[in-house]
$ cat coords.txt   # compact mmCIF, C-alpha atoms
# COMPACT_ATOMS: atom_id res chain seq x y z
CA MET A 1 27.19 11.41 5.68
CA ALA A 2 24.82 14.07 4.36
CA SER A 3 26.51 16.99 2.65
CA ARG A 4 25.74 20.55 3.74
CA PHE A 5 24.20 23.52 1.94
CA PRO A 6 24.36 24.94 -0.55
CA LEU A 7 23.38 22.52 -3.25
CA SER A 8 23.22 24.51 -6.46
CA PHE A 9 23.37 24.21 -10.20
CA ALA A 10 23.74 26.79 -12.92
CA PRO A 11 20.81 27.69 -15.19
CA PRO A 12 20.96 26.75 -18.87
CA ALA A 13 22.59 29.25 -21.18
CA GLY A 14 20.65 32.50 -21.54
CA GLY A 15 18.26 31.71 -18.70
CA SER A 16 15.50 30.91 -21.18
CA SER A 17 14.20 27.95 -19.17
CA ILE A 18 13.86 30.17 -16.10
CA ARG A 19 11.73 32.63 -18.05
CA ARG A 20 9.66 29.78 -19.48
CA ALA A 21 9.09 28.28 -16.04
CA ARG A 22 8.09 31.66 -14.60
CA ARG A 23 5.72 32.36 -17.49
CA ARG A 24 4.12 28.93 -17.13
CA ALA A 25 3.60 29.41 -13.42
CA LEU A 26 2.10 32.89 -13.78
CA LEU A 27 -0.06 32.06 -16.80
CA GLY A 28 -1.41 28.99 -15.06
CA LEU A 29 -2.29 30.98 -11.96
CA ALA A 30 -3.81 34.06 -13.60
CA PRO A 31 -7.27 32.61 -14.31
CA ALA A 32 -7.61 31.54 -10.69
CA LEU A 33 -6.89 34.84 -8.94
CA GLY A 34 -10.58 35.62 -8.61
CA LEU A 35 -11.22 32.21 -7.05
CA LEU A 36 -8.49 32.59 -4.47
CA SER A 37 -10.13 35.64 -2.94
CA VAL A 38 -13.33 33.76 -2.15
CA ALA A 39 -11.86 30.41 -1.13
CA PRO A 40 -11.87 31.16 2.65
CA ALA A 41 -15.60 31.90 2.55
CA ARG A 42 -16.24 28.42 1.12
CA ALA A 43 -13.92 26.66 3.52
CA ARG A 44 -15.35 24.20 5.99
CA ALA A 45 -13.39 22.88 8.94
CA PHE A 46 -13.49 19.15 9.48
CA ASP A 47 -14.48 18.10 12.98
CA ALA A 48 -14.24 14.42 13.83
CA ALA A 49 -17.25 14.78 16.11
CA ALA A 50 -19.35 16.56 13.47
CA ALA A 51 -21.19 15.21 10.44
CA PRO A 52 -19.03 14.21 7.43
CA LEU A 53 -18.66 16.39 4.39
CA ASP A 54 -21.83 16.53 2.31
CA ARG A 55 -19.98 15.94 -0.97
CA PRO A 56 -17.36 13.53 -2.32
CA LEU A 57 -13.75 14.01 -1.26
CA ILE A 58 -11.58 14.29 -4.37
CA LEU A 59 -8.06 12.82 -4.48
CA SER A 60 -5.93 13.42 -7.55
CA GLY A 61 -2.62 12.13 -8.84
CA PRO A 62 -0.60 11.16 -11.94
CA PRO A 63 -0.15 7.73 -13.58
CA ALA A 64 2.84 7.01 -11.31
CA THR A 65 3.75 5.26 -8.06
CA VAL A 66 2.79 8.27 -5.93
CA SER A 67 -0.87 7.67 -6.85
CA TYR A 68 -1.12 4.01 -5.81
CA PRO A 69 -2.19 4.70 -2.21
CA LEU A 70 -4.64 7.39 -3.34
CA VAL A 71 -6.36 4.84 -5.56
CA HIS A 72 -6.59 2.45 -2.61
CA MET A 73 -7.98 5.21 -0.38
CA ALA A 74 -10.69 5.93 -2.93
CA ASP A 75 -11.57 2.29 -3.55
CA SER A 76 -11.49 0.95 -0.01
CA GLY A 77 -13.83 3.44 1.62
CA VAL A 78 -11.30 4.08 4.36
CA LEU A 79 -12.42 7.73 4.57
CA ALA A 80 -16.13 6.98 4.88
CA ASP A 81 -16.14 8.87 8.20
CA VAL A 82 -15.01 12.00 6.35
CA ALA A 83 -17.20 12.05 3.24
CA PRO A 84 -19.99 9.97 1.65
CA GLN A 85 -17.62 9.02 -1.16
CA THR A 86 -13.93 9.36 -2.00
CA ARG A 87 -13.02 9.67 -5.67
CA PHE A 88 -9.71 9.40 -7.48
CA GLN A 89 -9.14 11.80 -10.36
CA LEU A 90 -6.18 11.35 -12.72
CA TRP A 91 -4.02 14.29 -13.80
CA GLN A 92 -1.90 13.48 -16.83
CA ASN A 93 0.64 16.32 -17.08
CA PRO A 94 2.02 19.09 -14.85
CA ASP A 95 -0.02 21.82 -16.57
CA GLN A 96 -3.24 19.97 -15.76
CA LEU A 97 -2.05 19.55 -12.18
CA ARG A 98 -1.45 23.28 -11.82
CA ALA A 99 -4.80 24.17 -13.36
CA TRP A 100 -6.73 21.90 -10.99
CA ALA A 101 -4.77 23.09 -7.97
CA VAL A 102 -5.65 26.73 -8.56
CA ARG A 103 -9.27 26.08 -9.60
CA ASP A 104 -10.25 23.82 -6.71
CA GLY A 105 -10.28 20.76 -8.94
CA ALA A 106 -9.42 18.43 -6.04
CA ASP A 107 -9.07 18.41 -2.26
CA PHE A 108 -5.84 16.44 -1.94
CA MET A 109 -3.32 16.08 -4.75
CA ALA A 110 -0.20 14.00 -5.26
CA MET A 111 2.40 16.25 -6.85
CA PRO A 112 6.14 16.93 -7.21
CA THR A 113 7.42 18.73 -4.13
CA ASN A 114 8.88 21.66 -6.07
CA VAL A 115 5.48 22.23 -7.76
CA ALA A 116 3.84 22.31 -4.34
CA ALA A 117 6.38 24.92 -3.17
CA ASN A 118 5.92 26.96 -6.35
CA LEU A 119 2.13 27.02 -6.09
CA TYR A 120 2.27 27.93 -2.40
CA ASN A 121 4.70 30.78 -3.04
CA GLN A 122 2.40 32.08 -5.79
CA GLY A 123 -0.49 32.37 -3.31
CA VAL A 124 -2.42 29.17 -4.01
CA PRO A 125 -4.15 27.88 -0.84
CA LEU A 126 -2.04 24.77 -0.29
CA ARG A 127 -0.22 22.87 2.45
CA LEU A 128 2.13 19.93 1.98
CA LEU A 129 1.02 16.98 4.11
CA ASP A 130 3.81 14.53 3.49
CA VAL A 131 6.49 13.17 1.19
CA SER A 132 5.88 9.62 0.03
CA THR A 133 8.05 9.15 -3.08
CA TRP A 134 11.79 9.23 -2.46
CA GLY A 135 13.05 8.43 -5.95
CA MET A 136 11.48 6.66 -8.94
CA LEU A 137 13.47 7.90 -11.96
CA TRP A 138 15.69 5.75 -14.17
CA LEU A 139 17.63 6.24 -17.35
CA VAL A 140 16.48 3.34 -19.50
CA THR A 141 18.93 2.46 -22.24
CA ARG A 142 19.63 0.08 -25.08
CA ASP A 143 23.33 0.01 -24.11
CA GLU A 144 23.92 -2.11 -21.01
CA SER A 145 27.42 -0.67 -20.51
CA ARG A 146 26.16 2.85 -19.68
CA ARG A 147 25.95 2.93 -15.87
CA THR A 148 26.61 6.58 -14.90
CA LEU A 149 25.35 9.95 -16.11
CA ALA A 150 28.77 10.69 -17.59
CA ASP A 151 28.43 7.60 -19.79
CA PHE A 152 25.58 9.33 -21.64
CA GLN A 153 27.60 12.35 -22.82
CA GLY A 154 26.92 13.10 -26.46
CA GLN A 155 23.85 10.86 -26.48
CA GLU A 156 20.24 11.74 -27.29
CA ILE A 157 17.94 11.17 -24.32
CA ALA A 158 14.14 11.26 -24.53
CA MET A 159 13.00 13.50 -21.68
CA PRO A 160 9.34 13.86 -20.59
CA PHE A 161 7.93 16.99 -18.93
CA ARG A 162 10.30 19.78 -19.91
CA SER A 163 11.27 21.98 -16.91
CA ASP A 164 9.55 19.59 -14.50
CA MET A 165 10.81 16.89 -12.17
CA PRO A 166 12.66 14.49 -14.54
CA ASP A 167 14.35 17.40 -16.36
CA ILE A 168 15.05 19.23 -13.08
CA LEU A 169 16.84 16.34 -11.38
CA PHE A 170 18.78 15.36 -14.49
CA SER A 171 20.02 18.94 -14.87
CA LEU A 172 20.86 19.37 -11.21
CA LEU A 173 22.94 16.19 -11.04
CA SER A 174 24.62 16.79 -14.40
CA VAL A 175 25.80 20.24 -13.34
CA ARG A 176 27.17 18.90 -10.08
CA LEU A 177 29.25 16.51 -12.20
CA GLY A 178 30.61 19.49 -14.16
CA LEU A 179 28.48 18.76 -17.22
CA ASP A 180 26.23 21.13 -19.14
CA PRO A 181 22.86 19.40 -19.57
CA LYS A 182 22.08 21.38 -22.72
CA ARG A 183 25.42 20.98 -24.46
CA ASP A 184 26.86 17.69 -23.21
CA PHE A 185 23.63 15.80 -23.95
CA SER A 186 21.03 15.98 -26.69
CA LEU A 187 17.74 16.20 -24.80
CA ARG A 188 14.70 15.26 -26.86
CA TYR A 189 11.70 16.62 -24.99
CA VAL A 190 8.43 14.71 -25.22
CA PRO A 191 5.05 15.47 -23.60
CA THR A 192 4.75 12.39 -21.35
CA PRO A 193 6.62 9.23 -20.30
CA PHE A 194 4.32 7.22 -22.56
CA ASP A 195 5.59 9.15 -25.58
CA ALA A 196 9.13 8.27 -24.54
CA ILE A 197 8.12 4.61 -24.22
CA GLN A 198 6.91 4.60 -27.82
CA LEU A 199 10.19 6.08 -29.01
CA LEU A 200 12.12 3.33 -27.23
CA LEU A 201 9.91 0.52 -28.46
CA THR A 202 10.06 1.66 -32.07
CA ARG A 203 13.84 2.21 -31.90
CA ARG A 204 13.49 5.94 -32.53
CA ALA A 205 15.35 6.54 -29.26
CA ASP A 206 18.07 4.56 -27.51
CA HIS A 207 17.78 6.21 -24.09
CA ALA A 208 14.99 7.79 -22.05
CA LEU A 209 14.57 9.14 -18.54
CA LEU A 210 11.44 7.51 -17.13
CA PRO A 211 9.57 7.30 -13.81
CA GLU A 212 8.02 4.15 -12.43
CA PRO A 213 5.86 2.40 -13.49
CA ALA A 214 6.75 3.54 -17.03
CA VAL A 215 10.14 1.87 -16.53
CA SER A 216 8.55 -1.47 -15.66
CA MET A 217 6.09 -1.14 -18.53
CA VAL A 218 8.71 -0.58 -21.20
CA LEU A 219 10.94 -3.36 -19.88
CA ARG A 220 8.05 -5.82 -19.99
CA LYS A 221 6.95 -4.70 -23.46
CA SER A 222 10.47 -4.94 -24.86
CA GLU A 223 10.62 -8.60 -23.82
CA SER A 224 7.29 -9.54 -25.41
CA PHE A 225 6.49 -10.65 -28.95
CA PRO A 226 6.11 -8.96 -31.39
CA VAL A 227 7.66 -5.86 -29.81
CA SER A 228 10.78 -7.87 -28.96
CA VAL A 229 11.51 -8.18 -32.68
CA VAL A 230 11.79 -4.38 -32.86
CA ALA A 231 13.16 -3.57 -29.39
CA PRO A 232 14.90 -6.76 -28.27
CA ALA A 233 16.78 -5.40 -25.26
CA LEU A 234 16.36 -2.48 -22.88
CA TYR A 235 18.08 -2.04 -19.53
CA ARG A 236 17.93 -0.02 -16.37
CA GLY A 237 20.97 2.21 -16.81
CA VAL A 238 21.15 4.88 -14.08
CA ASP A 239 19.02 5.04 -10.97
CA LEU A 240 18.83 8.78 -10.28
CA SER A 241 18.36 8.18 -6.55
CA GLN A 242 21.64 6.28 -6.38
CA ALA A 243 23.26 9.00 -8.50
CA TRP A 244 21.91 11.61 -6.06
CA GLY A 245 23.56 9.77 -3.17
CA ARG A 246 26.91 9.35 -4.92
CA ILE A 247 27.19 12.79 -6.46
CA LEU A 248 25.94 14.80 -3.47
CA ASP A 249 27.34 12.55 -0.72
CA ARG A 250 23.90 12.02 0.78
CA ASP A 251 21.53 9.18 1.43
CA PRO A 252 20.17 7.87 -1.92
CA ARG A 253 16.70 9.32 -1.40
CA ILE A 254 15.16 12.33 -3.11
CA PRO A 255 12.12 14.11 -1.59
CA GLN A 256 10.48 13.92 -4.97
CA ALA A 257 6.71 13.84 -4.50
CA GLY A 258 4.02 13.74 -1.87
CA MET A 259 0.47 14.77 -1.10
CA ALA A 260 -0.79 18.32 -0.62
CA ALA A 261 -4.09 19.68 0.65
CA VAL A 262 -5.42 22.30 -1.76
CA GLY A 263 -8.38 24.63 -2.02
CA PRO A 264 -11.06 25.35 0.58
CA LEU A 265 -10.08 22.52 2.94
CA HIS A 266 -6.34 23.14 2.86
CA ALA A 267 -6.09 24.67 6.34
CA ASP A 268 -8.18 22.03 8.12
CA VAL A 269 -5.66 20.46 10.49
CA ARG A 270 -7.88 17.62 11.68
CA LEU A 271 -8.83 16.61 8.18
CA ALA A 272 -5.20 16.76 7.07
CA ASP A 273 -4.14 14.46 9.92
CA ARG A 274 -6.96 12.03 9.14
CA VAL A 275 -6.09 11.88 5.44
CA ARG A 276 -2.37 11.59 6.15
CA ARG A 277 -2.95 8.55 8.40
CA ALA A 278 -5.10 6.95 5.73
CA HIS A 279 -2.39 7.72 3.16
CA ALA A 280 0.24 5.90 5.24
CA ASP A 281 -2.04 2.91 5.82
CA SER A 282 -2.94 2.61 2.14
CA LEU A 283 0.70 2.84 1.07
CA ALA A 284 1.55 0.07 3.54
CA TRP A 285 -1.21 -2.07 1.98
CA CYS A 286 0.13 -1.45 -1.53
CA LEU A 287 3.67 -2.40 -0.55
CA ALA A 288 2.44 -5.57 1.15
CA HIS A 289 0.14 -6.61 -1.72
CA PRO A 290 1.86 -5.71 -5.02
CA GLN A 291 -0.26 -8.02 -7.19
CA ALA A 292 -3.59 -6.88 -5.74
CA CYS A 293 -2.41 -3.27 -5.88
CA GLY A 294 -1.49 -3.72 -9.54
CA GLU A 295 -4.94 -5.02 -10.41
CA LEU A 296 -6.60 -2.22 -8.44
CA VAL A 297 -4.52 0.61 -9.93
CA ALA A 298 -4.97 -0.68 -13.49
CA ARG A 299 -8.76 -0.42 -13.06
CA TYR A 300 -8.49 3.26 -12.19
CA ILE A 301 -5.59 4.16 -14.50
CA PRO A 302 -6.18 2.17 -17.71
CA MET A 303 -2.88 3.11 -19.36
CA LEU A 304 -1.03 1.11 -16.67
CA THR A 305 -0.87 -2.68 -16.59
CA PRO A 306 -1.25 -4.75 -13.41
CA GLU A 307 2.09 -6.44 -14.04
CA ALA A 308 4.00 -3.17 -14.43
CA VAL A 309 2.44 -1.71 -11.29
CA ALA A 310 3.37 -4.82 -9.32
CA ASP A 311 6.92 -4.76 -10.74
CA SER A 312 7.32 -1.10 -9.80
CA ILE A 313 6.39 -1.80 -6.18
CA THR A 314 9.27 -4.25 -5.81
CA GLY A 315 12.11 -2.22 -4.35
CA ALA A 316 10.05 0.99 -4.38
CA ARG A 317 11.33 3.84 -2.23
CA GLU A 318 7.87 4.73 -0.99
CA ARG A 319 7.38 5.84 2.59
CA VAL A 320 5.02 8.42 4.06
CA VAL A 321 7.01 11.01 6.01
CA ASP A 322 5.21 14.00 7.53
CA ALA A 323 6.11 17.21 5.73
CA ARG A 324 7.53 18.78 8.90
CA ALA A 325 9.81 15.81 9.46
CA ALA A 326 10.90 15.90 5.80
CA ARG A 327 11.55 19.66 5.87
CA PRO A 328 15.39 19.48 6.13
CA GLU A 329 15.60 17.27 3.03
CA LEU A 330 13.02 19.36 1.20
CA GLU A 331 14.90 22.57 1.92
CA TYR A 332 18.16 21.01 0.75
CA PHE A 333 16.46 20.19 -2.55
CA PHE A 334 14.72 23.58 -2.80
CA ASN A 335 17.96 25.43 -2.08
CA GLY A 336 19.55 23.58 -4.97
CA LEU A 337 16.83 24.85 -7.28
CA LEU A 338 17.05 28.37 -5.88
CA GLY A 339 20.75 28.37 -6.75
CA GLY A 340 20.07 27.82 -10.45
CA GLN A 341 16.39 28.00 -11.41
CA PRO A 342 14.58 29.86 -8.61
CA ALA A 343 11.31 30.09 -10.57
CA LEU A 344 10.87 26.34 -10.11
CA VAL A 345 10.05 26.86 -6.43
CA GLY A 346 8.52 30.32 -6.69
CA GLY A 347 11.68 32.30 -5.96
CA ARG A 348 12.08 31.54 -2.23
CA LEU A 349 11.85 28.84 0.39
CA PRO A 350 8.26 28.30 1.53
CA ASP A 351 7.61 29.42 5.09
CA ASP A 352 6.34 27.45 8.09
CA ARG A 353 2.72 27.46 6.95
CA PHE A 354 3.61 25.38 3.91
CA TYR A 355 4.31 22.37 6.12
CA ALA A 356 1.09 20.80 7.41
$ encode --input "coords.txt" --output "structure tokens"
Amino acid sequence: MASRFPLSFAPPAGGSSIRRARRRALLGLAPALGLLSVAPARARAFDAAAAPLDRPLILSGPPATVSYPLVHMADSGVLADVAPQTRFQLWQNPDQLRAWAVRDGADFMAMPTNVAANLYNQGVPLRLLDVSTWGMLWLVTRDESRRTLADFQGQEIAMPFRSDMPDILFSLLSVRLGLDPKRDFSLRYVPTPFDAIQLLLTRRADHALLPEPAVSMVLRKSESFPVSVVAPALYRGVDLSQAWGRILDRDPRIPQAGMAAVGPLHADVRLADRVRRAHADSLAWCLAHPQACGELVARYIPMLTPEAVADSITGARERVVDARAARPELEYFFNGLLGGQPALVGGRLPDDRFYA
């Protein structure tokens, strides 16, 4: 049974992370304000009966599961009726994502749902098409006995992307357990999941919160020689999706990430529907062909291995759900952030126009 609103968690002591998040959002948007005023003049509506776009269609995403179908869309030519070419462009950290979103760096971008809401509320031309990732975060640990968040009290945890999705969900769930994420844990912030992987493999960290496929990568590396001599055993400790279900009395699925239309084409309804259908078809292909998907993704995202990508697809909670259909779950999540760190979603719930 799904629990009811409000979901909320208290901000860290002093509210410093709120101020940091707000400053990051505003500083990232400031250089683009001039571009936003002219974006409508450059917009072009997609008409299925008209000629395709006269330039490549740019899809962008991170080195994570949410990008797998975007890579397939770019490689397969499935959108040849829309544009002469479809390209995949990798973003490697949330700051790069925000910069490209406000400077028309891509047409469709895979991104965390709270970042999409934040950008929209700050005036970026953006609409959320769908949610496709419903949980991909794990606490990876050297201690097999640690199976709940409470088991990690007093422990140092390597945490990528400060004040972004891994940190946000860890804090939200910890507070709902009655724990203070800043005092009951020692959070060691690192720039990316790959930095956390290195800490685990060199035994400079015993625990890390990682997304897929970083989880699958580190587990494979820890079992291989010569790394196994240094990091002989790592385990999946806590699945944050399962923790979400237990702690909040909800289904174990988090509306974590999806695809948004950004920039000049963001309001084109026909194009959005066409891309969303292709997104669902490509995700279905990836889920049905994990080995082939692994080989394909590794060609476009060299820091990932085919084996880790294939491993991460097994049991993946990936499913394309239209943004309007996902709205109740999104608003539950957003309301939780508004109750503690409102800057993370731009200070308010996004209105109807956010949902494509």
$ closest_residue --input "coords.txt" --among "A:Lys221, A:His72, A:Arg299, A:His266" --to "A:Ala106" --atoms "only C-alpha atoms"
A:His266
$ closest_residue --input "coords.txt" --among "A:Leu296, A:Arg324, A:Met109, A:Leu209" --to "A:Phe170" --atoms "all atoms listed in the file"
A:Leu209
$ atom_distance --input "coords.txt" --atom1 "atom CA of A:Ala205" --atom2 "atom CA of A:Ile168"
20.6 Å
$ closest_residue --input "coords.txt" --among "A:Val124, A:Asn114, A:Gly315, A:Ala343" --to "A:Val102" --atoms "all atoms listed in the file"
A:Val124
$ closest_residue --input "coords.txt" --among "A:Pro302, A:Ile247, A:Ser171, A:Leu219" --to "A:Asp184" --atoms "only C-alpha atoms"
A:Ser171
$ closest_residue --input "coords.txt" --among "A:Arg327, A:Arg250, A:Arg147, A:Arg353" --to "A:Val269" --atoms "only C-alpha atoms"
A:Arg353
$ closest_residue --input "coords.txt" --among "A:Gly237, A:Gly294, A:Pro125, A:Pro211" --to "A:Asp167" --atoms "all atoms listed in the file"
A:Pro211
$ residues_near_point --input "coords.txt" --point "(3.5, 22.4, 9.0)" --cutoff "8 Å" --atoms "all atoms listed in the file" --output "list in words"
Arg127, Leu128, Leu129, Ala323, Arg324, Asp352, Arg353, Phe354, Tyr355 and Ala356 of chain A
$ atom_distance --input "coords.txt" --atom1 "atom CA of A:Thr113" --atom2 "atom CA of A:Val275"
17.9 Å
$ residues_near_point --input "coords.txt" --point "(-6.2, 18.1, 5.5)" --cutoff "9 Å" --atoms "all atoms listed in the file" --output "MDAnalysis selection string"
chainID A and resid 46 107:108 127 129 260:262 265:276 356
$ axis_aligned_box --input "coords.txt" --around "stretch 265-272 of chain A" --padding-each-side "3 Å" --output "AutoDock Vina command-line options"
--center_x -7.6 --center_y 20.6 --center_z 7.3 --size_x 10.9 --size_y 14.1 --size_z 14.8
$ atom_distance --input "coords.txt" --atom1 "atom CA of A:Met259" --atom2 "atom CA of A:Asp130"
5.7 Å
